[in-house]
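Worksheet: one structure, shown below.
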There are 4 protein chains.
Amino acid sequence: MSNSFGERYRFTIFGQSHAPAIGVTIEGLPAGFAPDMEKLAAFLARRAPGKGRYSTTRSEADAPEFVAGLVDGHTCGAPVTAIIRNTNTRSEDYAELYRVPRPGHADFAAAVKYGLARDVAGGGQFSGRLTAPLCIAGGLALQLLAEEGVSISARIASIGGETEPQAIQAVLEAAKAAGDSVGGLVECVCQGVPAGLGEPMFGGMENRIAQAVFAIPAVKGVEFGAGFAVAGMRGSENNDPFYFDELGVVRTRTNHHGGILGGITSGMPIVFRAAFKPTPSIALEQDSVDLTAHESVKLSVKGRHDPCIVLRAAPCVEAAAAAAIYDALLESRC
Amino acid sequence: MSNSFGERYRFTIFGQSHAPAIGVTIEGLPAGFAPDMEKLAAFLARRAPGKGRYSTTRSEADAPEFVAGLVDGHTCGAPVTAIIRNTNTRSEDYAELYRVPRPGHADFAAAVKYGLARDVAGGGQFSGRLTAPLCIAGGLALQLLAEEGVSISARIASIGGETEPQAIQAVLEAAKAAGDSVGGLVECVCQGVPAGLGEPMFGGMENRIAQAVFAIPAVKGVEFGAGFAVAGMRGSENNDPFYFDELGVVRTRTNHHGGILGGITSGMPIVFRAAFKPTPSIALEQDSVDLTAHESVKLSVKGRHDPCIVLRAAPCVEAAAAAAIYDALLESRC
Amino acid sequence: MSNSFGERYRFTIFGQSHAPAIGVTIEGLPAGFAPDMEKLAAFLARRAPGKGRYSTTRSEADAPEFVAGLVDGHTCGAPVTAIIRNTNTRSEDYAELYRVPRPGHADFAAAVKYGLARDVAGGGQFSGRLTAPLCIAGGLALQLLAEEGVSISARIASIGGETEPQAIQAVLEAAKAAGDSVGGLVECVCQGVPAGLGEPMFGGMENRIAQAVFAIPAVKGVEFGAGFAVAGMRGSENNDPFYFDELGVVRTRTNHHGGILGGITSGMPIVFRAAFKPTPSIALEQDSVDLTAHESVKLSVKGRHDPCIVLRAAPCVEAAAAAAIYDALLESRC
Amino acid sequence: MSNSFGERYRFTIFGQSHAPAIGVTIEGLPAGFAPDMEKLAAFLARRAPGKGRYSTTRSEADAPEFVAGLVDGHTCGAPVTAIIRNTNTRSEDYAELYRVPRPGHADFAAAVKYGLARDVAGGGQFSGRLTAPLCIAGGLALQLLAEEGVSISARIASIGGETEPQAIQAVLEAAKAAGDSVGGLVECVCQGVPAGLGEPMFGGMENRIAQAVFAIPAVKGVEFGAGFAVAGMRGSENNDPFYFDELGVVRTRTNHHGGILGGITSGMPIVFRAAFKPTPSIALEQDSVDLTAHESVKLSVKGRHDPCIVLRAAPCVEAAAAAAIYDALLESRC
């Protein structure tokens with residue numbers, strides 16, 4: 001089903017932006033694991049709203065309450081459930097959106113799929129807020145992976161096509177000033193992943209990571225290693241030559257394959273990039289339709305929205321990668 | 001598990017390049033459906049080897065035998081199983097590859113994962129040949145989708161960075177002459193997909209299509225709609241304005257979202273692209289390692305290999321898309 | 001994974017007896033459904049502890065809080081999550097059980113599986129208390145099935161081998177007086193189930209209902225229709241003759257098949273029985289072992305325990321059946 | 001989906017009684033495993049038809065052809081697919097059954113579910129013949145379990161209510177002479193199963209074994225340990241006292257729990273029984289309906305049928321148990 005991910009490290013995300021709570025239930029955590037709650041809080045803080053100049057001004061503690069699965073701070077073998085209360089909801093902002101879907105947003109698709117019953121407040125279940133429970137599941141996977149020598153780090157590769165901090169700053173200022181938004185690119189590098197994870201065909205690491213990463217709202221493309229550039233390359237150029245390193249381990253001199261061959265990890269770093277579209281909610285006037293009155297209308301989105309979601313996306317990408325990799329790691333043991 | 005795809009239209013692929021057979025078992029076909037076997041044969045012929053100047057010279061009938069699930073040419077409700085016998089196998093070609101993994105190929109990952117027991121002949125289960133059963137499952141889904149007014153068409157968007165036929169021809173000739181290979185880009189357009197298919201988060205149409213498409217060997221990137229270009233766009237530019245068409249149906253003036261909003265189909269055409277790396281098996285000498293002797297070696301791959309897999313990739317991409325969309329279509333009914 | 005059930009009506013149960021909360025996340029509820037919360041409360045009250053003379057004296061409101069998936073009392077298409085806070089916990093009762101497993105209880109198996117980290121308080125995740133979230137998921141399924149004309153009713157068929165109220169009363173009194181417990185039999189009848197639900201082989205209705213019912217602690221046997229008696233019958237005796245009823249519907253004169261033929265519903269009532277073992281926690285002295293001191297010990301279980309779990313089991317059996325049947329009903333639509 | 005079983009040892013069964021073939025695809029076999037094909041053949045022979053006086057006279061070699069997954073007799077890590085050709089088919093026997101469903105058989109349910117397209121020949125996908133691929137998957141699991149010290153043995157506990165060979169013989173003769181059939185009981189004991197397999201709730205060993213065993217046609221009840229007798233027992237009687245054996249291993253003095261506590265194996269033998277109904281196909285005249293003419297008719301089933309399916313059921317029960325236990329064993333490792 002749509003809200004669950006994974007086979008052996010399996011979690012189910014629930015909640016809507018303005019429901020009483022959002023949260024996650026995780027199966028597959030080893031018994032006796034003591035999550036580092038401070039580290040998890042720091043990880044969650046990286047994606048939390050209300051901090052930066054270009055983030056929504058909605059500010060919430062976003063402190064997860066672990067309601068099940070822990071005894072004295074240790075996992076006991078039962079599923080772990082954490083919830084985050086939605087304390088700062090302003091449902092009145094969203095009434096108009098019930099009739100008028102925002103261009104580029106899930107509003108219209110939700111209207112078709114769920115009809116009158118859909119939760120339109122704050123984007124409902126399509127809200128970027130649902131990446132918080134993803135970051136809980138992924139954050140715990142990161143801690144467990146760290147014990148295995150795996151580290152995962154995502155960074156902003158570009159925003160609005162710019163790669164330099166100063167240029168990015170200018171792009172953001174301009175977008176904000178214009179009541180507009182801007183997209184960006186996140187690159188993720190996973191170091192220390194053992195060779196042999198993943199399965200051929202549909203269970204390949206590319207398949208799994210892509211399935212996880214496309215769950216982050218606004219992602220429209222995922223590429224591994226040299227990615228789309230491979231389409232213009234020759235085999236002699238793209239193939240990564242093998243060699244034995246000083247420890248006698250097989251490695252490749254380049255990493256165009258992004259750490260994945262035939263769907264299976266090669267022992268080289270997994271490298272992938274995700275393209276994020278600009279936040280669809282913008283103050284600029286746009287053409288839309290009134291689904292009730294059945295007529296064309298102009299829409300200018302009010303409310304608090306990030307002009308650039310990418311600024312908070314890196315931990316979400318890390319979380320998605322960690323979930324997929326830890327799941328494959330567990331699977332490789334049986 | 002890795003060789004199965006789908007929830008309601010679910011199929012399991014089996015076989016290796018040089019096993020007695022390859023094949024697929026499909027669950028979820030409606031009872032009473034009469035597959036058009038000529039149409040299926042024509043579809044499979046589009047991906048079959050041994051036809052063109054730039055394809056492997058291995059030539060096989062690749063005619064599937066339906067051993068279960070049909071009665072008098074109609075599905076009876078039981079799972080449908082089709083097998084294709086591997087008639088033209090030359091296992092002796094591949095002995096050296098057991099010791100020396102081909103750069104860019106799954107050989108090394110397979111060695112790590114399955115050890116001495118792995119099937120190295122013809123790429124074993126990692127062979128592009130396994131896309132034949134994928135095309136059986138996808139080909140039947142295409143026929144069922146056609147009855148629902150859905151048509152899916154993939155085309156070569158570029159090869160070696162070239163988009164014009166003549167330039168592509170030149171790129172291919174040059175690669176072949178050099179004992180090299182070349183990558184390419186396939187674009188797929190799915191028309192007539194009803195709005196409302198797919199689920200939020202992990203069951204989104206992007207997630208599902210990506211999971212299916214990354215199962216095709218050599219795919220290193222998948223993007224939807226404007227794809228990676230969104231990373232450089234502004235919201236006002238990327239957002240697709242809504243309007244009512246002459247029939248009163250909500251549509252968008254542009255299709256940067258590629259027919260998918262919030263993971264759910266919008267009713268606009270699904271558009272996506274897949275980047276294929278160059279065939280890793282090339283005649284040019286490459287650096288590799290001898291896993292047995294534990295030393296560096298030079299490798300020049302012998303045997304029959306496509307200098308460009310992309311020429312045969314379009315039906316595979318259509319098959320993957322069809323499987324994902326038909327699965328979501330069935331799911332949307334319950 | 002172990003805490004999830006179902007394909008289309010899919011729910012995941014979480015919590016332990018003495019965790020902050022227990023609960024359930026349900027996927028597959030139709031959007032726009034308004035659960036009758038009073039009816040659900042009444043259903044949950046049938047299994048709640050602390051009411052009768054033979055029930056544990058632990059008394060809890062057991063009122064579920066719906067933290068996600070509802071908007072103004074209607075499902076919105078997002079997963080529905082309900083939690084029940086564990087307000088009345090007395091963890092100090094259970095310290096000895098950490099060392100000394102109760103005969104007949106899951107204590108020992110949990111010790112093997114989860115080691116020192118296991119949650120021993122109140123039986124942890126093995127507690128009968130986890131049937132409360134099962135009853136939430138099943139209770140909502142019951143309401144949706146009622147709209148389809150399906151009604152499900154379970155009753156106590158026997159306790160301690162007795163079938164008459166007065167004799168049952170005597171058996172219970174005697175067991176309670178002796179510091180002992182007693183088992184029983186629950187029979188469940190599902191009326192109005194449409195013909196054609198379920199799948200051959202592993203997805204048959206017997207397989208699904210059994211999978212759900214064996215999740216209720218203490219169930220050691222499940223039988224359908226004539227059940228174990230079929231082993232002693234002749235075909236001419238067991239086969240249920242077909243006829244057309246006054247409405248032209250095919251029915252059977254007897255119902256030894258319990259409404260299921262070849263795993264698929266026949267349109268006759270589904271009838272099945274579940275055997276419940278006596279509550280393993282008894283005051284009477286028993287032989288056990290001290291896992292820490294590695295020696296034989298005598299154990300007399302303190303704390304509050306039902307002398308007969310069967311008195312509260314009927315709604316749990318109904319919930320399990322409802323979940324399995326509603327899941328198959330949804331599945332039959334795609 | 002209905003034709004697949006298992007999470008880590010996962011197999012999909014396909015075929016119908018009179019299709020070109022039946023077979024199975026197995027995922028999860030370890031690479032490098034060399035199945036003992038003679039042992040497998042001997043195992044399959046125990047369930048094969050056409051041998052005894054009370055078995056159908058249909059005689060087939062039932063020799064599986066392994067078309068995928070093996071290299072030089074060893075698993076290579078790819079899924080293993082085996083098919084059995086249906087050589088001895090007599091479809092003309094079954095024409096009448098298309099109109100007139102056999103009482104007690106899946107015919108009617110199949111008619112409702114699949115309509116005119118259903119495969120009625122030989123019971124189609126509901127045929128007992130589909131237990132042959134189950135026995136292939138289970139037979140390989142038995143070999144792998146044997147390497148872990150696990151042995152599984154099922155025996156006929158009773159037929160027609162009789163437990164003694166001579167009385168069973170008489171019951172069978174009488175049934176055959178009368179053109180009737182008779183049911184029976186199979187008991188299965190699994191020795192050497194390590195403690196700690198299985199999961200709480202829906203993934204318990206009782207749930208899994210029941211899900212597998214109810215896939216065998218004709219099974220109407222499954223019970224574990226003391227089974228239905230627990231309903232009449234007291235806790236002090238049913239609870240199995242713990243002790244340390246001479247090797248310091250925790251064991252129980254009795255085994256009313258049948259080796260499973262809280263869904264998890266205790267290390268004691270898993271003991272369960274399955275009740276088989278009499279073969280529904282009998283020569284004796286029965287009341288049925290003509291689904292086409294819409295009228296009551298008399299039916300006397302022609303063709304070759306076992307008067308007692310139980311005689312061939314024991315290996316099927318062993319196969320089902322082996323599949324469930326080996327799956328749980330693999331799962332316990334990750």
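Order determines the names: the first chain of the structure tokens is A, the second B, and so forth; residues in each chain are numbered 1 upward, and ligands are numbered 1 upward as they are shown.
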
Quick one: chain D onto chain B, least squares on all Cα paired in order, result as a short mmCIF file (atom, residue, chain, number, x, y, z; two decimals) with C-alpha atoms, in the first residue's frame?
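Saved the output as out-v7.cif:
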```
data_model
loop_
_atom_site.label_atom_id
_atom_site.label_comp_id
_atom_site.auth_asym_id
_atom_site.auth_seq_id
_atom_site.Cartn_x
_atom_site.Cartn_y
_atom_site.Cartn_z
CA MET D 1 10.98 -10.05 -3.72
CA SER D 2 13.12 -8.85 -6.53
CA ASN D 3 11.65 -10.69 -9.50
CA SER D 4 8.05 -9.69 -8.87
CA PHE D 5 6.29 -6.46 -9.73
CA GLY D 6 2.87 -5.05 -8.98
CA GLU D 7 0.07 -5.37 -6.48
CA ARG D 8 -3.02 -6.23 -8.51
CA TYR D 9 -1.41 -6.88 -11.87
CA ARG D 10 1.45 -8.88 -10.43
CA PHE D 11 4.02 -10.84 -12.36
CA THR D 12 7.16 -12.80 -11.54
CA ILE D 13 9.97 -13.11 -14.05
CA PHE D 14 12.33 -16.08 -14.09
CA GLY D 15 15.22 -17.44 -16.11
CA GLN D 16 18.78 -16.67 -17.10
CA SER D 17 20.29 -15.92 -20.47
CA HIS D 18 21.53 -19.49 -20.95
CA ALA D 19 19.12 -21.45 -18.76
CA PRO D 20 16.76 -23.84 -20.52
CA ALA D 21 14.13 -21.12 -20.51
CA ILE D 22 13.08 -17.66 -19.43
CA GLY D 23 9.52 -16.75 -18.64
CA VAL D 24 6.91 -15.01 -16.55
CA THR D 25 3.91 -15.84 -14.39
CA ILE D 26 1.19 -13.19 -14.35
CA GLU D 27 -1.55 -12.86 -11.74
CA GLY D 28 -4.38 -10.37 -12.07
CA LEU D 29 -5.40 -10.79 -15.69
CA PRO D 30 -9.19 -10.70 -15.95
CA ALA D 31 -10.84 -14.04 -16.76
CA GLY D 32 -12.14 -14.23 -20.31
CA PHE D 33 -9.49 -12.05 -21.88
CA ALA D 34 -8.24 -13.30 -25.27
CA PRO D 35 -4.72 -12.00 -25.83
CA ASP D 36 -4.04 -11.02 -29.42
CA MET D 37 -1.08 -13.31 -29.96
CA GLU D 38 -0.08 -11.77 -33.27
CA LYS D 39 -0.01 -8.34 -31.74
CA LEU D 40 2.03 -9.70 -28.86
CA ALA D 41 4.46 -11.36 -31.25
CA ALA D 42 4.86 -8.10 -33.14
CA PHE D 43 5.49 -6.29 -29.89
CA LEU D 44 8.09 -8.84 -28.79
CA ALA D 45 9.72 -8.65 -32.21
CA ARG D 46 10.50 -4.97 -31.61
CA ARG D 47 12.89 -5.93 -28.80
CA ALA D 48 14.13 -9.22 -30.24
CA PRO D 49 17.83 -9.56 -30.99
CA GLY D 50 19.46 -10.44 -34.28
CA LYS D 51 17.64 -8.10 -36.60
CA GLY D 52 19.46 -4.88 -37.16
CA ARG D 53 22.97 -3.90 -38.07
CA TYR D 54 23.70 -2.73 -34.51
CA SER D 55 22.11 -5.61 -32.66
CA THR D 56 23.69 -8.77 -31.33
CA THR D 57 23.80 -11.47 -33.98
CA ARG D 58 22.19 -13.94 -31.61
CA SER D 59 18.92 -14.75 -33.31
CA GLU D 60 16.11 -16.54 -31.57
CA ALA D 61 12.51 -17.03 -32.37
CA ASP D 62 11.57 -15.80 -28.91
CA ALA D 63 8.11 -17.17 -29.37
CA PRO D 64 6.47 -17.56 -25.97
CA GLU D 65 4.73 -20.80 -25.13
CA PHE D 66 1.76 -20.25 -22.82
CA VAL D 67 1.89 -23.28 -20.54
CA ALA D 68 -0.79 -22.22 -18.07
CA GLY D 69 -3.73 -19.90 -17.59
CA LEU D 70 -5.33 -20.09 -21.03
CA VAL D 71 -8.22 -22.23 -22.23
CA ASP D 72 -8.96 -22.04 -25.94
CA GLY D 73 -6.99 -18.82 -26.14
CA HIS D 74 -8.83 -17.11 -23.28
CA THR D 75 -7.63 -16.45 -19.76
CA CYS D 76 -9.50 -18.66 -17.30
CA GLY D 77 -8.73 -16.81 -14.06
CA ALA D 78 -5.68 -18.89 -13.17
CA PRO D 79 -2.24 -17.28 -13.34
CA VAL D 80 -0.85 -17.10 -16.86
CA THR D 81 2.62 -18.53 -17.39
CA ALA D 82 4.59 -18.14 -20.60
CA ILE D 83 8.04 -19.51 -21.24
CA ILE D 84 10.57 -18.85 -23.97
CA ARG D 85 13.09 -21.59 -24.63
CA ASN D 86 16.70 -20.49 -24.93
CA THR D 87 17.64 -22.29 -28.11
CA ASN D 88 20.76 -20.47 -29.18
CA THR D 89 23.15 -20.62 -26.26
CA ARG D 90 26.92 -20.52 -26.52
CA SER D 91 28.12 -20.90 -22.98
CA GLU D 92 31.74 -21.42 -23.97
CA ASP D 93 32.02 -17.73 -24.87
CA TYR D 94 31.78 -16.69 -21.27
CA ALA D 95 34.33 -18.78 -19.40
CA GLU D 96 36.87 -15.98 -18.93
CA LEU D 97 34.23 -13.68 -17.50
CA TYR D 98 33.94 -15.99 -14.53
CA ARG D 99 37.33 -14.78 -13.42
CA VAL D 100 37.37 -11.30 -14.94
CA PRO D 101 34.34 -9.06 -14.42
CA ARG D 102 33.44 -6.71 -17.26
CA PRO D 103 33.67 -3.05 -16.26
CA GLY D 104 30.23 -1.48 -16.11
CA HIS D 105 28.49 -4.86 -16.07
CA ALA D 106 26.75 -6.74 -13.24
CA ASP D 107 29.46 -9.44 -13.26
CA PHE D 108 31.29 -8.14 -10.23
CA ALA D 109 28.18 -7.49 -8.16
CA ALA D 110 26.96 -10.99 -8.99
CA ALA D 111 30.29 -12.44 -7.89
CA VAL D 112 29.99 -10.70 -4.53
CA LYS D 113 26.35 -11.63 -4.05
CA TYR D 114 26.19 -15.21 -5.27
CA GLY D 115 29.84 -16.29 -5.14
CA LEU D 116 31.07 -19.27 -7.08
CA ALA D 117 27.54 -20.48 -7.81
CA ARG D 118 26.57 -17.53 -9.95
CA ASP D 119 25.48 -18.03 -13.55
CA VAL D 120 27.96 -16.08 -15.61
CA ALA D 121 26.86 -17.34 -19.02
CA GLY D 122 25.41 -14.52 -21.05
CA GLY D 123 25.02 -12.36 -17.99
CA GLY D 124 22.86 -14.95 -16.26
CA GLN D 125 19.83 -13.37 -14.65
CA PHE D 126 21.23 -9.89 -15.32
CA SER D 127 21.02 -10.35 -19.07
CA GLY D 128 19.01 -7.93 -21.16
CA ARG D 129 17.33 -11.07 -22.39
CA LEU D 130 15.16 -11.00 -19.25
CA THR D 131 13.36 -8.03 -20.74
CA ALA D 132 11.55 -10.49 -23.04
CA PRO D 133 9.30 -11.81 -20.23
CA LEU D 134 8.89 -8.20 -19.06
CA CYS D 135 7.59 -7.45 -22.54
CA ILE D 136 5.17 -10.37 -22.36
CA ALA D 137 3.67 -9.05 -19.12
CA GLY D 138 3.78 -5.48 -20.37
CA GLY D 139 2.50 -6.43 -23.81
CA LEU D 140 -0.61 -8.02 -22.36
CA ALA D 141 -1.11 -4.97 -20.13
CA LEU D 142 -0.86 -2.77 -23.22
CA GLN D 143 -3.66 -4.73 -24.87
CA LEU D 144 -5.86 -4.40 -21.81
CA LEU D 145 -5.06 -0.72 -21.48
CA ALA D 146 -5.94 -0.18 -25.13
CA GLU D 147 -9.45 -1.40 -24.30
CA GLU D 148 -9.59 1.40 -21.73
CA GLY D 149 -8.43 3.97 -24.24
CA VAL D 150 -4.88 4.15 -22.98
CA SER D 151 -2.03 4.09 -25.50
CA ILE D 152 1.65 4.06 -24.63
CA SER D 153 4.43 4.90 -27.02
CA ALA D 154 8.16 5.17 -26.41
CA ARG D 155 10.71 6.50 -28.88
CA ILE D 156 14.43 7.06 -29.01
CA ALA D 157 14.96 10.69 -28.04
CA SER D 158 18.71 10.64 -28.53
CA ILE D 159 21.69 8.35 -28.99
CA GLY D 160 25.17 9.44 -28.09
CA GLY D 161 23.78 12.87 -27.56
CA GLU D 162 22.43 13.10 -31.11
CA THR D 163 18.75 13.52 -31.89
CA GLU D 164 18.68 13.51 -35.70
CA PRO D 165 18.51 10.15 -37.57
CA GLN D 166 21.49 10.88 -39.71
CA ALA D 167 23.67 12.01 -36.82
CA ILE D 168 22.56 8.98 -34.79
CA GLN D 169 23.54 6.75 -37.70
CA ALA D 170 26.99 8.29 -37.75
CA VAL D 171 27.42 7.91 -33.99
CA LEU D 172 26.47 4.24 -34.19
CA GLU D 173 28.80 3.55 -37.12
CA ALA D 174 31.66 5.21 -35.34
CA ALA D 175 31.04 3.28 -32.12
CA LYS D 176 30.78 -0.03 -33.94
CA ALA D 177 33.92 0.65 -35.95
CA ALA D 178 35.79 1.48 -32.77
CA GLY D 179 34.65 -1.66 -30.97
CA ASP D 180 32.86 0.66 -28.60
CA SER D 181 29.23 1.26 -27.60
CA VAL D 182 27.01 4.24 -27.01
CA GLY D 183 24.16 5.23 -24.69
CA GLY D 184 20.89 6.98 -25.33
CA LEU D 185 17.65 8.41 -24.11
CA VAL D 186 14.14 6.98 -24.45
CA GLU D 187 11.03 9.10 -24.03
CA CYS D 188 7.69 7.55 -23.28
CA VAL D 189 4.26 9.15 -23.63
CA CYS D 190 1.14 7.53 -22.14
CA GLN D 191 -2.07 8.95 -23.60
CA GLY D 192 -5.57 8.50 -22.26
CA VAL D 193 -4.60 7.61 -18.70
CA PRO D 194 -7.59 8.43 -16.50
CA ALA D 195 -7.11 10.95 -13.71
CA GLY D 196 -6.92 9.59 -10.18
CA LEU D 197 -4.58 6.61 -10.58
CA GLY D 198 -1.78 6.07 -8.08
CA GLU D 199 -1.49 6.70 -4.39
CA PRO D 200 0.24 9.30 -2.25
CA MET D 201 3.78 8.70 -1.02
CA PHE D 202 5.37 5.34 -1.88
CA GLY D 203 2.59 4.20 -4.18
CA GLY D 204 2.74 7.23 -6.44
CA MET D 205 2.86 6.75 -10.19
CA GLU D 206 6.38 8.15 -10.35
CA ASN D 207 7.49 5.64 -7.70
CA ARG D 208 5.85 2.74 -9.51
CA ILE D 209 6.99 3.61 -13.00
CA ALA D 210 10.52 4.26 -11.74
CA GLN D 211 10.51 0.92 -9.93
CA ALA D 212 9.53 -0.81 -13.16
CA VAL D 213 11.81 1.12 -15.50
CA PHE D 214 14.93 0.76 -13.34
CA ALA D 215 14.44 -3.01 -13.75
CA ILE D 216 15.51 -2.63 -17.38
CA PRO D 217 19.26 -3.17 -17.43
CA ALA D 218 21.35 -0.06 -18.18
CA VAL D 219 18.83 2.54 -16.99
CA LYS D 220 20.62 5.10 -14.77
CA GLY D 221 18.04 7.87 -14.57
CA VAL D 222 14.30 8.44 -14.79
CA GLU D 223 12.56 11.80 -14.98
CA PHE D 224 8.94 12.88 -15.34
CA GLY D 225 7.50 15.84 -17.23
CA ALA D 226 10.01 18.67 -17.25
CA GLY D 227 12.25 16.37 -15.21
CA PHE D 228 15.65 17.62 -14.15
CA ALA D 229 14.93 20.92 -15.82
CA VAL D 230 12.53 21.77 -12.96
CA ALA D 231 15.55 22.27 -10.75
CA GLY D 232 16.33 25.44 -12.67
CA MET D 233 12.81 26.74 -13.04
CA ARG D 234 10.64 29.15 -11.13
CA GLY D 235 7.23 28.13 -9.82
CA SER D 236 5.46 30.60 -12.11
CA GLU D 237 7.22 28.94 -15.02
CA ASN D 238 6.87 25.30 -13.98
CA ASN D 239 3.30 25.35 -12.65
CA ASP D 240 0.88 24.19 -15.33
CA PRO D 241 -2.20 26.47 -15.49
CA PHE D 242 -5.56 24.72 -15.31
CA TYR D 243 -8.45 25.29 -17.70
CA PHE D 244 -11.64 23.59 -18.80
CA ASP D 245 -11.45 22.16 -22.29
CA GLU D 246 -14.36 22.20 -24.73
CA LEU D 247 -15.79 19.06 -23.10
CA GLY D 248 -15.65 20.60 -19.66
CA VAL D 249 -12.69 18.46 -18.60
CA VAL D 250 -10.01 20.05 -16.44
CA ARG D 251 -6.71 20.11 -18.29
CA THR D 252 -3.43 21.99 -18.07
CA ARG D 253 -2.07 24.34 -20.73
CA THR D 254 1.44 22.97 -20.36
CA ASN D 255 2.52 19.58 -19.05
CA HIS D 256 5.63 20.17 -16.98
CA HIS D 257 4.13 17.87 -14.36
CA GLY D 258 4.18 15.00 -16.87
CA GLY D 259 0.66 13.91 -16.05
CA ILE D 260 1.39 13.23 -12.37
CA LEU D 261 0.60 15.53 -9.43
CA GLY D 262 1.20 14.36 -5.87
CA GLY D 263 1.91 10.88 -7.25
CA ILE D 264 -1.56 10.74 -8.82
CA THR D 265 -2.47 10.99 -12.48
CA SER D 266 -4.01 14.27 -13.55
CA GLY D 267 -5.57 13.07 -16.79
CA MET D 268 -2.85 14.76 -18.85
CA PRO D 269 -0.44 12.44 -20.71
CA ILE D 270 2.17 10.77 -18.54
CA VAL D 271 5.53 11.74 -20.00
CA PHE D 272 8.84 10.39 -18.78
CA ARG D 273 12.36 9.73 -20.00
CA ALA D 274 14.86 7.02 -19.14
CA ALA D 275 18.60 7.35 -19.63
CA PHE D 276 20.37 4.22 -20.88
CA LYS D 277 24.07 3.78 -20.41
CA PRO D 278 26.21 2.40 -23.26
CA THR D 279 26.37 -1.42 -23.47
CA PRO D 280 29.15 -2.30 -21.03
CA SER D 281 30.39 -5.20 -23.18
CA ILE D 282 32.81 -3.68 -25.66
CA ALA D 283 35.60 -5.09 -27.79
CA LEU D 284 37.97 -2.28 -26.79
CA GLU D 285 40.56 -3.27 -24.23
CA GLN D 286 39.68 -2.28 -20.67
CA ASP D 287 41.25 -2.49 -17.22
CA SER D 288 39.79 -5.14 -14.98
CA VAL D 289 40.85 -7.61 -12.32
CA ASP D 290 41.25 -11.36 -12.20
CA LEU D 291 39.20 -12.35 -9.16
CA THR D 292 40.91 -15.75 -8.96
CA ALA D 293 44.53 -14.80 -9.56
CA HIS D 294 43.96 -11.57 -7.64
CA GLU D 295 45.79 -9.43 -10.17
CA SER D 296 45.12 -6.64 -12.62
CA VAL D 297 44.36 -7.74 -16.18
CA LYS D 298 43.34 -6.31 -19.51
CA LEU D 299 39.98 -7.39 -20.86
CA SER D 300 38.55 -7.26 -24.33
CA VAL D 301 35.02 -8.61 -24.40
CA LYS D 302 34.35 -11.17 -27.10
CA GLY D 303 30.98 -12.50 -28.10
CA ARG D 304 27.91 -10.92 -29.64
CA HIS D 305 26.74 -7.67 -28.11
CA ASP D 306 24.65 -4.73 -29.18
CA PRO D 307 26.77 -1.63 -29.62
CA CYS D 308 23.65 0.23 -28.54
CA ILE D 309 20.99 -1.36 -26.38
CA VAL D 310 18.75 1.68 -26.82
CA LEU D 311 17.70 0.55 -30.28
CA ARG D 312 15.77 -2.30 -28.67
CA ALA D 313 14.80 -0.48 -25.47
CA ALA D 314 11.63 1.34 -26.49
CA PRO D 315 9.25 -1.65 -26.17
CA CYS D 316 10.81 -2.50 -22.80
CA VAL D 317 10.05 1.00 -21.56
CA GLU D 318 6.51 0.76 -22.88
CA ALA D 319 6.13 -2.60 -21.16
CA ALA D 320 7.35 -1.24 -17.84
CA ALA D 321 5.01 1.74 -18.06
CA ALA D 322 2.08 -0.42 -19.09
CA ALA D 323 2.60 -2.80 -16.19
CA ALA D 324 2.74 0.03 -13.67
CA ILE D 325 -0.25 1.87 -15.10
CA TYR D 326 -2.46 -1.19 -15.50
CA ASP D 327 -1.63 -2.25 -11.96
CA ALA D 328 -2.67 1.17 -10.66
CA LEU D 329 -5.80 1.08 -12.79
CA LEU D 330 -6.90 -2.22 -11.25
CA GLU D 331 -6.05 -0.92 -7.81
CA SER D 332 -8.17 2.17 -8.32
CA ARG D 333 -11.23 -0.03 -8.65
CA CYS D 334 -11.20 -1.41 -5.15
#
```

Per-residue DSSP, region 151-334 of chain A, filtered to strand (DSSP E), as a ChimeraX atom specification
/A:151-159,184-191,219-224,242-244,250-252,260-261,264-265,270-276,286-290,295-299

Run DSSP on the backbone and grab whatever in region 75-280 of chain D lands in alpha helix (DSSP H); send it over as an NGL selection string.
:D and (107-114 or 131-147 or 165-177 or 205-213 or 235-238)
